[in-house]
file final_32.cif (mmCIF, C-alpha atoms, pLDDT in the B column; chains and numbers go by the auth columns)
data_work
loop_
_atom_site.group_PDB
_atom_site.id
_atom_site.type_symbol
_atom_site.label_atom_id
_atom_site.label_comp_id
_atom_site.label_asym_id
_atom_site.label_seq_id
_atom_site.Cartn_x
_atom_site.Cartn_y
_atom_site.Cartn_z
_atom_site.B_iso_or_equiv
_atom_site.auth_seq_id
_atom_site.auth_asym_id
ATOM 1 C CA MET A 1 89.031 160.288 27.367 51.00 1489 V
ATOM 2 C CA LEU A 2 90.479 162.531 24.649 51.00 1490 V
ATOM 3 C CA LEU A 3 92.521 164.412 27.259 53.00 1491 V
ATOM 4 C CA LYS A 4 93.997 161.175 28.595 57.00 1492 V
ATOM 5 C CA THR A 5 94.882 160.057 25.067 62.00 1493 V
ATOM 6 C CA ARG A 6 96.666 163.340 24.391 63.00 1494 V
ATOM 7 C CA GLU A 7 98.595 163.039 27.641 65.00 1495 V
ATOM 8 C CA ARG A 8 99.685 159.527 26.722 64.00 1496 V
ATOM 9 C CA VAL A 9 100.811 160.650 23.266 59.00 1497 V
ATOM 10 C CA LYS A 10 102.796 163.523 24.794 61.00 1498 V
ATOM 11 C CA LYS A 11 104.361 161.098 27.260 61.00 1499 V
ATOM 12 C CA TRP A 12 105.441 158.720 24.477 59.00 1500 V
ATOM 13 C CA ILE A 13 106.842 161.608 22.409 56.00 1501 V
ATOM 14 C CA ALA A 14 108.830 162.777 25.434 56.00 1502 V
ATOM 15 C CA MET A 15 110.177 159.244 25.969 54.00 1503 V
ATOM 16 C CA LEU A 16 111.182 158.935 22.318 54.00 1504 V
ATOM 17 C CA GLY A 17 112.992 162.262 22.574 55.00 1505 V
ATOM 18 C CA LEU A 18 115.126 160.814 25.347 49.00 1506 V
ATOM 19 C CA LEU A 19 116.262 157.936 23.174 55.00 1507 V
ATOM 20 C CA SER A 20 119.762 158.415 21.837 64.00 1508 V
ATOM 21 C CA ALA A 21 120.653 157.949 18.188 68.00 1509 V
ATOM 22 C CA GLU A 22 122.871 155.069 19.317 70.00 1510 V
ATOM 23 C CA PHE A 23 119.927 153.259 20.936 76.00 1511 V
ATOM 24 C CA ILE A 24 117.715 153.783 17.883 80.00 1512 V
ATOM 25 C CA ILE A 25 120.420 152.365 15.583 81.00 1513 V
ATOM 26 C CA ILE A 26 120.755 149.307 17.822 84.00 1514 V
ATOM 27 C CA ILE A 27 116.989 148.697 17.760 87.00 1515 V
ATOM 28 C CA VAL A 28 116.913 149.092 13.974 87.00 1516 V
ATOM 29 C CA VAL A 29 119.842 146.675 13.485 89.00 1517 V
ATOM 30 C CA PHE A 30 118.257 144.146 15.866 91.00 1518 V
ATOM 31 C CA THR A 31 114.918 144.335 14.034 92.00 1519 V
ATOM 32 C CA ILE A 32 116.496 144.060 10.574 94.00 1520 V
ATOM 33 C CA SER A 33 118.509 141.021 11.732 93.00 1521 V
ATOM 34 C CA LEU A 34 115.382 139.194 12.906 93.00 1522 V
ATOM 35 C CA ILE A 35 113.506 140.093 9.709 95.00 1523 V
ATOM 36 C CA ALA A 36 116.435 138.870 7.582 94.00 1524 V
ATOM 37 C CA PHE A 37 116.604 135.567 9.474 95.00 1525 V
ATOM 38 C CA SER A 38 112.838 135.071 9.135 94.00 1526 V
ATOM 39 C CA TYR A 39 113.013 135.809 5.404 94.00 1527 V
ATOM 40 C CA LEU A 40 115.819 133.265 4.905 95.00 1528 V
ATOM 41 C CA VAL A 41 113.868 130.623 6.824 95.00 1529 V
ATOM 42 C CA LYS A 42 110.822 131.240 4.616 94.00 1530 V
ATOM 43 C CA GLN A 43 112.853 131.148 1.393 93.00 1531 V
ATOM 44 C CA ILE A 44 114.664 127.918 2.217 93.00 1532 V
ATOM 45 C CA PHE A 45 112.259 125.840 4.306 93.00 1533 V
ATOM 46 C CA VAL A 46 108.853 127.081 3.123 93.00 1534 V
ATOM 47 C CA ASP A 47 109.414 128.135 -0.489 91.00 1535 V
ATOM 48 C CA HIS A 48 112.361 125.729 -1.040 90.00 1536 V
ATOM 49 C CA GLN A 49 114.326 128.328 -2.999 90.00 1537 V
ATOM 50 C CA GLN A 50 118.025 127.502 -3.484 90.00 1538 V
ATOM 51 C CA ALA A 51 118.802 129.265 -6.752 92.00 1539 V
ATOM 52 C CA PHE A 52 120.732 132.033 -4.975 93.00 1540 V
ATOM 53 C CA ASP A 53 122.960 129.532 -3.143 94.00 1541 V
ATOM 54 C CA PHE A 54 123.899 127.692 -6.322 93.00 1542 V
ATOM 55 C CA LYS A 55 124.518 130.928 -8.212 94.00 1543 V
ATOM 56 C CA VAL A 56 127.030 131.923 -5.539 94.00 1544 V
ATOM 57 C CA PHE A 57 128.752 128.531 -5.773 93.00 1545 V
ATOM 58 C CA HIS A 58 128.862 128.837 -9.554 92.00 1546 V
ATOM 59 C CA TRP A 59 130.424 132.313 -9.369 94.00 1547 V
ATOM 60 C CA LEU A 60 133.026 131.236 -6.803 92.00 1548 V
ATOM 61 C CA ALA A 61 134.021 128.200 -8.880 91.00 1549 V
ATOM 62 C CA GLY A 62 135.734 130.548 -11.329 90.00 1550 V
ATOM 63 C CA HIS A 63 137.890 132.040 -8.559 90.00 1551 V
ATOM 64 C CA VAL A 64 139.258 128.860 -6.967 92.00 1552 V
ATOM 65 C CA THR A 65 143.062 128.792 -6.876 93.00 1553 V
ATOM 66 C CA PRO A 66 145.567 127.074 -4.533 93.00 1554 V
ATOM 67 C CA PHE A 67 146.480 130.471 -3.026 95.00 1555 V
ATOM 68 C CA HIS A 68 142.853 131.458 -2.439 94.00 1556 V
ATOM 69 C CA THR A 69 142.121 128.072 -0.921 94.00 1557 V
ATOM 70 C CA SER A 70 145.034 128.190 1.536 94.00 1558 V
ATOM 71 C CA THR A 71 144.041 131.756 2.490 95.00 1559 V
ATOM 72 C CA MET A 72 140.428 130.735 3.101 95.00 1560 V
ATOM 73 C CA GLU A 73 141.566 127.780 5.211 94.00 1561 V
ATOM 74 C CA ALA A 74 143.620 130.125 7.403 95.00 1562 V
ATOM 75 C CA ILE A 75 140.737 132.580 7.770 95.00 1563 V
ATOM 76 C CA THR A 76 138.145 129.904 8.497 94.00 1564 V
ATOM 77 C CA PHE A 77 140.350 128.603 11.342 95.00 1565 V
ATOM 78 C CA LEU A 78 139.709 131.878 13.206 94.00 1566 V
ATOM 79 C CA GLY A 79 136.047 130.907 13.414 92.00 1567 V
ATOM 80 C CA THR A 80 136.543 127.352 14.665 91.00 1568 V
ATOM 81 C CA HIS A 81 135.921 126.169 18.226 90.00 1569 V
ATOM 82 C CA ILE A 82 139.615 125.198 18.347 91.00 1570 V
ATOM 83 C CA PHE A 83 140.476 128.910 18.177 93.00 1571 V
ATOM 84 C CA LEU A 84 137.421 130.552 19.734 93.00 1572 V
ATOM 85 C CA ILE A 85 137.287 128.495 22.944 91.00 1573 V
ATOM 86 C CA PRO A 86 140.843 129.500 24.020 93.00 1574 V
ATOM 87 C CA ALA A 87 140.194 133.052 22.776 93.00 1575 V
ATOM 88 C CA ASN A 88 137.102 133.338 24.982 91.00 1576 V
ATOM 89 C CA LEU A 89 139.000 131.884 27.949 91.00 1577 V
ATOM 90 C CA VAL A 90 141.845 134.371 27.468 92.00 1578 V
ATOM 91 C CA LEU A 91 139.404 137.291 27.231 90.00 1579 V
ATOM 92 C CA THR A 92 137.563 136.085 30.339 89.00 1580 V
ATOM 93 C CA ALA A 93 140.835 135.748 32.263 89.00 1581 V
ATOM 94 C CA TYR A 94 141.925 139.211 31.098 88.00 1582 V
ATOM 95 C CA PHE A 95 138.865 140.880 32.596 85.00 1583 V
ATOM 96 C CA LEU A 96 138.929 138.687 35.694 83.00 1584 V
ATOM 97 C CA PHE A 97 142.586 138.916 36.696 83.00 1585 V
ATOM 98 C CA ILE A 98 144.142 141.876 34.847 82.00 1586 V
ATOM 99 C CA LYS A 99 141.389 144.487 34.449 77.00 1587 V
ATOM 100 C CA LYS A 100 139.663 143.271 37.639 73.00 1588 V
ATOM 101 C CA HIS A 101 136.283 143.728 35.959 77.00 1589 V
ATOM 102 C CA ARG A 102 134.320 140.709 37.149 78.00 1590 V
ATOM 103 C CA TRP A 103 131.143 141.624 35.287 78.00 1591 V
ATOM 104 C CA TYR A 104 132.864 141.691 31.912 82.00 1592 V
ATOM 105 C CA SER A 105 134.390 138.285 32.536 85.00 1593 V
ATOM 106 C CA ILE A 106 130.858 137.049 33.248 86.00 1594 V
ATOM 107 C CA LYS A 107 129.545 138.695 30.080 86.00 1595 V
ATOM 108 C CA VAL A 108 132.203 137.094 27.862 88.00 1596 V
ATOM 109 C CA ALA A 109 131.510 133.622 29.255 89.00 1597 V
ATOM 110 C CA ALA A 110 127.730 134.058 29.198 90.00 1598 V
ATOM 111 C CA ILE A 111 127.647 135.259 25.587 91.00 1599 V
ATOM 112 C CA ALA A 112 129.985 132.475 24.438 90.00 1600 V
ATOM 113 C CA LEU A 113 127.985 129.714 26.150 91.00 1601 V
ATOM 114 C CA SER A 114 124.521 131.050 25.286 92.00 1602 V
ATOM 115 C CA SER A 115 125.364 131.669 21.621 92.00 1603 V
ATOM 116 C CA THR A 116 126.785 128.142 21.344 91.00 1604 V
ATOM 117 C CA ALA A 117 123.619 126.687 22.855 93.00 1605 V
ATOM 118 C CA MET A 118 121.460 128.797 20.517 93.00 1606 V
ATOM 119 C CA MET A 119 123.511 127.665 17.513 93.00 1607 V
ATOM 120 C CA PHE A 120 123.056 123.951 18.272 93.00 1608 V
ATOM 121 C CA LEU A 121 119.367 124.479 19.013 95.00 1609 V
ATOM 122 C CA LEU A 122 118.734 126.177 15.670 95.00 1610 V
ATOM 123 C CA LYS A 123 120.811 123.645 13.734 94.00 1611 V
ATOM 124 C CA ASN A 124 118.783 120.780 15.177 94.00 1612 V
ATOM 125 C CA ILE A 125 115.472 122.566 14.628 94.00 1613 V
ATOM 126 C CA PHE A 126 116.116 123.168 10.909 94.00 1614 V
ATOM 127 C CA SER A 127 118.307 120.087 10.271 91.00 1615 V
ATOM 128 C CA ARG A 128 119.521 121.284 6.877 93.00 1616 V
ATOM 129 C CA HIS A 129 122.137 119.053 5.314 92.00 1617 V
ATOM 130 C CA ARG A 130 125.412 120.560 4.155 92.00 1618 V
ATOM 131 C CA PRO A 131 126.371 121.035 0.500 90.00 1619 V
ATOM 132 C CA LEU A 132 127.363 117.779 -1.176 85.00 1620 V
ATOM 133 C CA ILE A 133 130.279 119.398 -3.035 87.00 1621 V
ATOM 134 C CA PRO A 134 132.866 120.420 -0.399 87.00 1622 V
ATOM 135 C CA LEU A 135 136.017 121.889 -1.913 85.00 1623 V
ATOM 136 C CA LEU A 136 138.400 119.975 0.381 84.00 1624 V
ATOM 137 C CA LYS A 137 136.675 117.765 2.934 83.00 1625 V
ATOM 138 C CA PRO A 138 133.120 117.535 4.279 82.00 1626 V
ATOM 139 C CA ALA A 139 132.223 119.236 7.558 83.00 1627 V
ATOM 140 C CA LEU A 140 130.278 117.592 10.359 85.00 1628 V
ATOM 141 C CA GLY A 141 126.826 118.523 11.604 87.00 1629 V
ATOM 142 C CA TYR A 142 123.937 120.407 10.094 91.00 1630 V
ATOM 143 C CA SER A 143 124.306 123.431 7.847 92.00 1631 V
ATOM 144 C CA PHE A 144 121.746 126.081 8.873 93.00 1632 V
ATOM 145 C CA PRO A 145 122.667 128.505 10.328 93.00 1633 V
ATOM 146 C CA SER A 146 126.442 128.616 9.890 94.00 1634 V
ATOM 147 C CA GLY A 147 128.103 128.059 13.261 91.00 1635 V
ATOM 148 C CA HIS A 148 131.283 129.816 12.155 92.00 1636 V
ATOM 149 C CA SER A 149 129.320 132.906 11.140 93.00 1637 V
ATOM 150 C CA MET A 150 127.205 132.999 14.275 93.00 1638 V
ATOM 151 C CA MET A 151 130.050 132.349 16.717 93.00 1639 V
ATOM 152 C CA SER A 152 132.315 134.817 14.917 93.00 1640 V
ATOM 153 C CA PHE A 153 129.713 137.548 15.254 91.00 1641 V
ATOM 154 C CA SER A 154 129.268 136.684 18.930 91.00 1642 V
ATOM 155 C CA PHE A 155 133.000 136.834 19.763 93.00 1643 V
ATOM 156 C CA TYR A 156 134.407 139.424 17.375 95.00 1644 V
ATOM 157 C CA GLY A 157 131.195 141.443 17.626 94.00 1645 V
ATOM 158 C CA LEU A 158 131.731 141.599 21.384 92.00 1646 V
ATOM 159 C CA LEU A 159 135.273 142.849 20.735 94.00 1647 V
ATOM 160 C CA ILE A 160 133.801 145.536 18.453 94.00 1648 V
ATOM 161 C CA TYR A 161 131.471 146.575 21.292 91.00 1649 V
ATOM 162 C CA LEU A 162 134.377 146.750 23.753 90.00 1650 V
ATOM 163 C CA CYS A 163 136.455 148.804 21.320 91.00 1651 V
ATOM 164 C CA TYR A 164 133.560 151.220 20.861 89.00 1652 V
ATOM 165 C CA LYS A 165 133.016 151.563 24.603 85.00 1653 V
ATOM 166 C CA TYR A 166 136.561 151.835 25.911 85.00 1654 V
ATOM 167 C CA ILE A 167 139.059 152.960 23.263 88.00 1655 V
ATOM 168 C CA GLU A 168 139.283 156.757 23.366 87.00 1656 V
ATOM 169 C CA ASN A 169 141.531 157.305 20.334 91.00 1657 V
ATOM 170 C CA LYS A 170 139.030 157.665 17.483 89.00 1658 V
ATOM 171 C CA PHE A 171 141.373 156.512 14.729 92.00 1659 V
ATOM 172 C CA LEU A 172 142.432 153.402 16.644 93.00 1660 V
ATOM 173 C CA LYS A 173 138.841 152.696 17.675 93.00 1661 V
ATOM 174 C CA TRP A 174 137.427 152.771 14.148 93.00 1662 V
ATOM 175 C CA PHE A 175 140.467 151.024 12.679 95.00 1663 V
ATOM 176 C CA LEU A 176 140.043 148.058 15.044 95.00 1664 V
ATOM 177 C CA MET A 177 136.272 148.000 14.692 95.00 1665 V
ATOM 178 C CA THR A 178 136.495 148.008 10.894 95.00 1666 V
ATOM 179 C CA GLY A 179 139.181 145.316 10.921 96.00 1667 V
ATOM 180 C CA LEU A 180 137.128 143.068 13.211 96.00 1668 V
ATOM 181 C CA PHE A 181 134.007 143.559 11.105 95.00 1669 V
ATOM 182 C CA LEU A 182 135.889 142.649 7.928 96.00 1670 V
ATOM 183 C CA LEU A 183 137.275 139.575 9.692 96.00 1671 V
ATOM 184 C CA ILE A 184 133.734 138.452 10.550 96.00 1672 V
ATOM 185 C CA LEU A 185 132.682 138.850 6.913 95.00 1673 V
ATOM 186 C CA SER A 186 135.814 137.030 5.731 96.00 1674 V
ATOM 187 C CA ILE A 187 135.154 134.055 8.002 96.00 1675 V
ATOM 188 C CA GLY A 188 131.630 133.760 6.631 95.00 1676 V
ATOM 189 C CA PHE A 189 132.884 134.081 3.064 96.00 1677 V
ATOM 190 C CA SER A 190 135.495 131.378 3.671 95.00 1678 V
ATOM 191 C CA ARG A 191 132.758 128.894 4.581 95.00 1679 V
ATOM 192 C CA ILE A 192 131.017 129.503 1.252 95.00 1680 V
ATOM 193 C CA TYR A 193 134.277 129.391 -0.712 95.00 1681 V
ATOM 194 C CA LEU A 194 135.191 126.043 0.873 94.00 1682 V
ATOM 195 C CA ARG A 195 131.664 124.854 0.024 94.00 1683 V
ATOM 196 C CA VAL A 196 130.869 123.590 3.512 93.00 1684 V
ATOM 197 C CA HIS A 197 128.004 126.089 3.838 94.00 1685 V
ATOM 198 C CA TYR A 198 125.481 127.671 1.529 95.00 1686 V
ATOM 199 C CA ALA A 199 125.490 131.466 1.269 95.00 1687 V
ATOM 200 C CA SER A 200 122.072 131.485 2.965 95.00 1688 V
ATOM 201 C CA ASP A 201 123.549 129.555 5.921 95.00 1689 V
ATOM 202 C CA VAL A 202 126.177 132.245 6.379 96.00 1690 V
ATOM 203 C CA LEU A 203 123.680 135.113 6.072 96.00 1691 V
ATOM 204 C CA ALA A 204 121.432 133.384 8.595 96.00 1692 V
ATOM 205 C CA GLY A 205 124.396 132.914 10.945 95.00 1693 V
ATOM 206 C CA PHE A 206 125.237 136.608 10.699 95.00 1694 V
ATOM 207 C CA SER A 207 121.610 137.614 11.270 95.00 1695 V
ATOM 208 C CA VAL A 208 120.975 135.510 14.341 95.00 1696 V
ATOM 209 C CA GLY A 209 124.507 136.144 15.641 94.00 1697 V
ATOM 210 C CA ILE A 210 124.131 139.917 15.713 93.00 1698 V
ATOM 211 C CA ALA A 211 120.577 139.724 17.093 93.00 1699 V
ATOM 212 C CA TRP A 212 121.663 137.386 19.892 94.00 1700 V
ATOM 213 C CA LEU A 213 124.715 139.533 20.678 93.00 1701 V
ATOM 214 C CA ILE A 214 122.602 142.697 20.978 92.00 1702 V
ATOM 215 C CA PHE A 215 120.021 140.933 23.146 91.00 1703 V
ATOM 216 C CA SER A 216 122.697 139.334 25.350 90.00 1704 V
ATOM 217 C CA ILE A 217 124.585 142.586 25.943 89.00 1705 V
ATOM 218 C CA TRP A 218 121.333 144.404 26.739 87.00 1706 V
ATOM 219 C CA LEU A 219 120.175 141.691 29.157 88.00 1707 V
ATOM 220 C CA LEU A 220 123.546 141.350 30.890 87.00 1708 V
ATOM 221 C CA ASN A 221 123.829 145.137 31.272 83.00 1709 V
ATOM 222 C CA LYS A 222 120.370 145.172 32.871 83.00 1710 V
ATOM 223 C CA ILE A 223 121.361 142.377 35.263 84.00 1711 V
ATOM 224 C CA GLU A 224 124.584 144.204 36.124 77.00 1712 V
ATOM 225 C CA SER A 225 122.738 147.466 36.843 77.00 1713 V
ATOM 226 C CA TYR A 226 120.168 145.644 38.985 73.00 1714 V
ATOM 227 C CA SER A 227 122.911 143.834 40.897 72.00 1715 V
ATOM 228 C CA ARG A 228 124.815 147.062 41.535 67.00 1716 V
ATOM 229 C CA ARG A 229 121.668 148.835 42.793 65.00 1717 V
ATOM 230 C CA ASN A 230 120.902 145.987 45.172 61.00 1718 V
ATOM 231 C CA LEU A 231 124.492 145.937 46.418 55.00 1719 V
ATOM 232 C CA LYS A 232 124.401 149.707 46.978 56.00 1720 V
ATOM 233 C CA SER A 233 121.084 149.395 48.856 54.00 1721 V
ATOM 234 C CA ILE A 234 122.545 146.725 51.145 52.00 1722 V
ATOM 235 C CA LYS A 235 125.595 148.876 51.875 52.00 1723 V
ATOM 236 C CA ASP A 236 123.387 151.904 52.618 50.00 1724 V
ATOM 237 C CA VAL A 237 121.342 149.853 55.078 47.00 1725 V
ATOM 238 C CA GLU A 238 124.509 148.633 56.790 52.00 1726 V
#
call {"tool": "encode", "arguments": {"input": "final_32.cif", "output": "structure tokens"}}
result
Amino acid sequence: MLLKTRERVKKWIAMLGLLSAEFIIIIVVFTISLIAFSYLVKQIFVDHQQAFDFKVFHWLAGHVTPFHTSTMEAITFLGTHIFLIPANLVLTAYFLFIKKHRWYSIKVAAIALSSTAMMFLLKNIFSRHRPLIPLLKPALGYSFPSGHSMMSFSFYGLLIYLCYKYIENKFLKWFLMTGLFLLILSIGFSRIYLRVHYASDVLAGFSVGIAWLIFSIWLLNKIESYSRRNLKSIKDVE
């Protein structure tokens, strides 16, 4: 019994040694995202704590100017369905017709549709009403989690993944990845500034958005690998 236990421990240590630093980071980020989302749910819907949200609103009230407002409106547009639906279609068409990479066109569409479905599901589960003090005009639908934040992480996060995988020039790669990450944060911030979302809504949107993106990419990569193996097996038989 002791010998078997030792063999199992050695086997697990060997498996862990094969894990790349990249994979470990992804697992850590995924886990932290789920923990953060769970914590926010507990704070808001179990403990009914909103002090943080109102403190953020209070702090932002001292920074409202016409210039800031017009800038935030422009940034928030980049997270709307009016922009993201055509953007996803263009990216899908790019991989389908220009790069001739059918699997990536499937991945773009699958992540866009599944993250949208997840967003509406979560909004209807929690049914949190939006802030009653919008800066310009009220937004439709429920507040938690922020759809702009979640969808932005799904789309621009996917672009970050593609930059990391396929751009060889290190400076260009990290420049684009950093720019896209800052854009995601800016879109979330714009929703708080415009007072159509609480800060906790945005943080929840980021958390579930990155967790869903990681899970979706992992699952779709597994499906792609399985499909390719089956296709290769069929060709070998023929």
call {"tool": "closest_residue", "arguments": {"input": "final_32.cif", "among": "V:Tyr1582, V:Tyr1714, V:Trp1700, V:Phe1518", "to": "V:Phe1643", "atoms": "all atoms listed in the file"}}
result
V:Trp1700
call {"tool": "residues_near_point", "arguments": {"input": "final_32.cif", "point": "(123.4, 140.1, 25.7)", "cutoff": "12 Å", "atoms": "only C-alpha atoms", "output": "ChimeraX atom specification"}}
result
/V:1518,1592,1594-1603,1642-1643,1645-1646,1649,1697-1712
call {"tool": "atom_distance", "arguments": {"input": "final_32.cif", "atom1": "atom CA of V:Ser1688", "atom2": "atom CA of V:Ile1520"}}
result
15.7 Å
call {"tool": "resolve_selection", "arguments": {"input": "final_32.cif", "expression": "the PyMOL selection byres ((chain V and resi 1680) around 12)", "output": "PyMOL selection string"}}
result
chain V and resi 1541-1549+1552+1557+1560-1561+1564+1618-1619+1621-1623+1631+1634+1636-1637+1673-1679+1681-1691
call {"tool": "atom_distance", "arguments": {"input": "final_32.cif", "atom1": "atom CA of V:Phe1565", "atom2": "atom CA of V:Pro1626"}}
result
15.0 Å
call {"tool": "atom_distance", "arguments": {"input": "final_32.cif", "atom1": "atom CA of V:His1617", "atom2": "atom CA of V:Tyr1630"}}
result
5.3 Å
call {"tool": "closest_residue", "arguments": {"input": "final_32.cif", "among": "V:Phe1641, V:Phe1583, V:Tyr1654, V:Phe1632", "to": "V:Phe1669", "atoms": "only C-alpha atoms"}}
result
V:Phe1641
call {"tool": "axis_aligned_box", "arguments": {"input": "final_32.cif", "around": "stretch 1669-1674 of chain V", "padding_each_side": "3 Å", "output": "lines of an AutoDock Vina configuration file"}}
result
center_x = 135.0
center_y = 140.3
center_z = 8.4
size_x = 10.6
size_y = 12.5
size_z = 11.4
call {"tool": "closest_residue", "arguments": {"input": "final_32.cif", "among": "V:Arg1590, V:His1551, V:Arg1616, V:His1569", "to": "V:Val1529", "atoms": "all atoms listed in the file"}}
result
V:Arg1616
call {"tool": "decode", "arguments": {"input": "final_32.cif", "residues": "stretch 1693-1709 of chain V", "atoms": "N, CA, C and O atoms", "output": "short mmCIF file (atom, residue, chain, number, x, y, z; two decimals), in the first residue's frame"}}
result
data_model
loop_
_atom_site.label_atom_id
_atom_site.label_comp_id
_atom_site.auth_asym_id
_atom_site.auth_seq_id
_atom_site.Cartn_x
_atom_site.Cartn_y
_atom_site.Cartn_z
N GLY V 1693 -17.85 41.56 -14.22
CA GLY V 1693 -17.79 41.32 -15.66
C GLY V 1693 -16.40 40.92 -16.12
O GLY V 1693 -16.23 40.01 -16.93
N PHE V 1694 -15.39 41.60 -15.58
CA PHE V 1694 -14.01 41.24 -15.89
C PHE V 1694 -13.70 39.82 -15.42
O PHE V 1694 -13.08 39.03 -16.14
N SER V 1695 -14.11 39.50 -14.20
CA SER V 1695 -13.80 38.20 -13.61
C SER V 1695 -14.41 37.05 -14.41
O SER V 1695 -13.71 36.10 -14.80
N VAL V 1696 -15.69 37.14 -14.67
CA VAL V 1696 -16.34 36.05 -15.40
C VAL V 1696 -15.94 36.06 -16.87
O VAL V 1696 -15.86 35.01 -17.51
N GLY V 1697 -15.63 37.25 -17.41
CA GLY V 1697 -15.20 37.34 -18.80
C GLY V 1697 -13.89 36.62 -19.05
O GLY V 1697 -13.76 35.85 -20.00
N ILE V 1698 -12.91 36.85 -18.18
CA ILE V 1698 -11.61 36.20 -18.37
C ILE V 1698 -11.70 34.71 -18.08
O ILE V 1698 -11.06 33.89 -18.77
N ALA V 1699 -12.50 34.32 -17.09
CA ALA V 1699 -12.65 32.89 -16.78
C ALA V 1699 -13.32 32.16 -17.94
O ALA V 1699 -12.89 31.07 -18.34
N TRP V 1700 -14.35 32.77 -18.50
CA TRP V 1700 -15.06 32.14 -19.63
C TRP V 1700 -14.18 32.09 -20.86
O TRP V 1700 -14.21 31.11 -21.62
N LEU V 1701 -13.38 33.12 -21.09
CA LEU V 1701 -12.48 33.14 -22.25
C LEU V 1701 -11.44 32.03 -22.14
O LEU V 1701 -11.20 31.30 -23.11
N ILE V 1702 -10.84 31.88 -20.96
CA ILE V 1702 -9.84 30.82 -20.75
C ILE V 1702 -10.47 29.45 -20.96
O ILE V 1702 -9.91 28.59 -21.66
N PHE V 1703 -11.64 29.24 -20.36
CA PHE V 1703 -12.32 27.95 -20.49
C PHE V 1703 -12.69 27.68 -21.95
O PHE V 1703 -12.50 26.55 -22.46
N SER V 1704 -13.20 28.69 -22.64
CA SER V 1704 -13.63 28.51 -24.04
C SER V 1704 -12.46 28.18 -24.95
O SER V 1704 -12.56 27.27 -25.80
N ILE V 1705 -11.35 28.90 -24.79
CA ILE V 1705 -10.17 28.63 -25.62
C ILE V 1705 -9.65 27.22 -25.35
O ILE V 1705 -9.31 26.48 -26.29
N TRP V 1706 -9.58 26.84 -24.08
CA TRP V 1706 -9.13 25.49 -23.73
C TRP V 1706 -10.02 24.42 -24.35
O TRP V 1706 -9.54 23.46 -24.96
N LEU V 1707 -11.34 24.58 -24.20
CA LEU V 1707 -12.29 23.60 -24.72
C LEU V 1707 -12.24 23.52 -26.25
O LEU V 1707 -12.20 22.42 -26.82
N LEU V 1708 -12.21 24.67 -26.91
CA LEU V 1708 -12.18 24.69 -28.36
C LEU V 1708 -10.87 24.12 -28.91
O LEU V 1708 -10.86 23.45 -29.95
N ASN V 1709 -9.76 24.36 -28.21
CA ASN V 1709 -8.48 23.76 -28.62
C ASN V 1709 -8.52 22.25 -28.49
O ASN V 1709 -7.97 21.53 -29.33
#
